[in-house]
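Notes for the one structure printed next.
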Amino acid sequence: MSMNDAYQPINCDDYDNLELACQQNLILTLELKSGEVFKAKASDLVSRKNIEYLILDDAGATREVRLDKIASFSHPEIGTVVVSES
């Protein structure tokens with residue numbers, strides 16, 4: 001998938017869980033739809049040109065991930081969330 005794919009907003013409950021993770025700076029385990037799995041600290045949610053991104057601190061480097069590219073995320077405090085489109 002290219003970054004030019006039409007953005008599909010995620011479910012509001014999933015967005016709220018990501019917002020909570022950012023507020024608490026939780027280290028999430030993320031699985032992307034591409035199959036990539038990594039851990040990073042949730043920092044912020046931003047919207048640019050009607051596309052929402054999760055801003056992460058990945059070992060000191062800033063990383064942006066489109067919300068509709070996330071298959072799931074997990075943390076002991078919130079459990080595992082399988083991301084669905086709204």
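Every chain in the structure tokens takes a letter, A first, then B, and so on in the order presented; its residues are numbered from 1, and the ligands are numbered from 1 following the presented order.
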
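Residues in contact with Phe38 of chain A at up to 9 Å, not including ones fewer than 4 positions away on its chain and judged by only C-alpha atoms, are Leu28, Thr29, Leu30, Glu31, Leu32 and Asp58 of chain A.
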
Produce a file of the selected residues containing N, CA and C atoms, as a PDB file, in the first residue's frame.
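Output saved as result26.pdb:
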```pdb
ATOM      1  N   LEU A  28       3.729   1.241  23.506  1.00  0.00           N
ATOM      2  CA  LEU A  28       2.820   0.327  22.835  1.00  0.00           C
ATOM      3  C   LEU A  28       3.578  -0.682  21.986  1.00  0.00           C
ATOM      4  N   THR A  29       3.033  -1.868  21.881  1.00  0.00           N
ATOM      5  CA  THR A  29       3.469  -2.817  20.875  1.00  0.00           C
ATOM      6  C   THR A  29       2.482  -2.654  19.720  1.00  0.00           C
ATOM      7  N   LEU A  30       2.997  -2.256  18.572  1.00  0.00           N
ATOM      8  CA  LEU A  30       2.140  -2.031  17.413  1.00  0.00           C
ATOM      9  C   LEU A  30       2.396  -3.082  16.345  1.00  0.00           C
ATOM     10  N   GLU A  31       1.316  -3.527  15.724  1.00  0.00           N
ATOM     11  CA  GLU A  31       1.428  -4.376  14.539  1.00  0.00           C
ATOM     12  C   GLU A  31       0.770  -3.618  13.406  1.00  0.00           C
ATOM     13  N   LEU A  32       1.541  -3.380  12.353  1.00  0.00           N
ATOM     14  CA  LEU A  32       1.013  -2.685  11.193  1.00  0.00           C
ATOM     15  C   LEU A  32       0.402  -3.690  10.226  1.00  0.00           C
ATOM     16  N   ASP A  58      10.381   6.267  18.877  1.00  0.00           N
ATOM     17  CA  ASP A  58      10.914   4.929  18.626  1.00  0.00           C
ATOM     18  C   ASP A  58      12.420   4.965  18.859  1.00  0.00           C
TER      19      ASP A  58
END
```

- Item | Test item: residues at most 6 Å from Asp57 of chain A, only C-alpha atoms, excluding those fewer than 2 positions along its chain, as an MDAnalysis selection string | chainID A and resid 40:41 60:62

- Extract, using only C-alpha atoms, all DNA, RNA and protein residues at most 9 Å from Val65 of chain A, discarding same-chain residues fewer than 3 positions from it, and format them as a ChimeraX atom specification. /A:32,52-56,68-70

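Those residues of chain A that DSSP, working from the backbone, places in helix (DSSP H, G or I) are Cys12, Asp13, Asp14, Tyr15, Asp16, Asn17, Leu18, Glu19, Leu20, Ala21, Cys22, Gln23, Leu67, Asp68 and Lys69 of chain A.
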
- Item | Nearest candidate to Ile10 of chain A (options A:Gln23, A:Pro76, A:Val82, A:Leu67; using only C-alpha atoms) | A:Leu67

- Item | Closest of A:Glu85, A:Asp5, A:Glu77, A:Glu64 to Asn25 of chain A - atom-to-atom distances counting only C-alpha atoms |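 Residue with the minimum atom-to-atom distance to Asn25 of chain A: A:Glu77.
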
- Can you check which residues of chain A DSSP gives as strand (DSSP E) on the backbone and send them as number ranges by chain? A: 27-32, 37-48, 51-58, 61-66, 70-75, 79-82

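Counting from atom CA of Glu36 of chain A, the distance to atom CA of Glu19 of chain A is 21.7 Å.
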
- Item | From A:Asp14, A:Cys22, A:Ser34, A:Pro9, residue lying nearest Ile51 of chain A [only C-alpha atoms] |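 Ranked by minimum distance to Ile51 of chain A, first place goes to A:Pro9.
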
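Atom CA of Arg48 of chain A lies 21.9 Å from atom CA of Ser72 of chain A.
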
- Query: Mind pulling up the distance from atom CA of Tyr15 of chain A to atom CA of Val81 of chain A?
  - Reply: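 Answer for the atom CA of Val81 of chain A to atom CA of Tyr15 of chain A separation: 10.4 Å.
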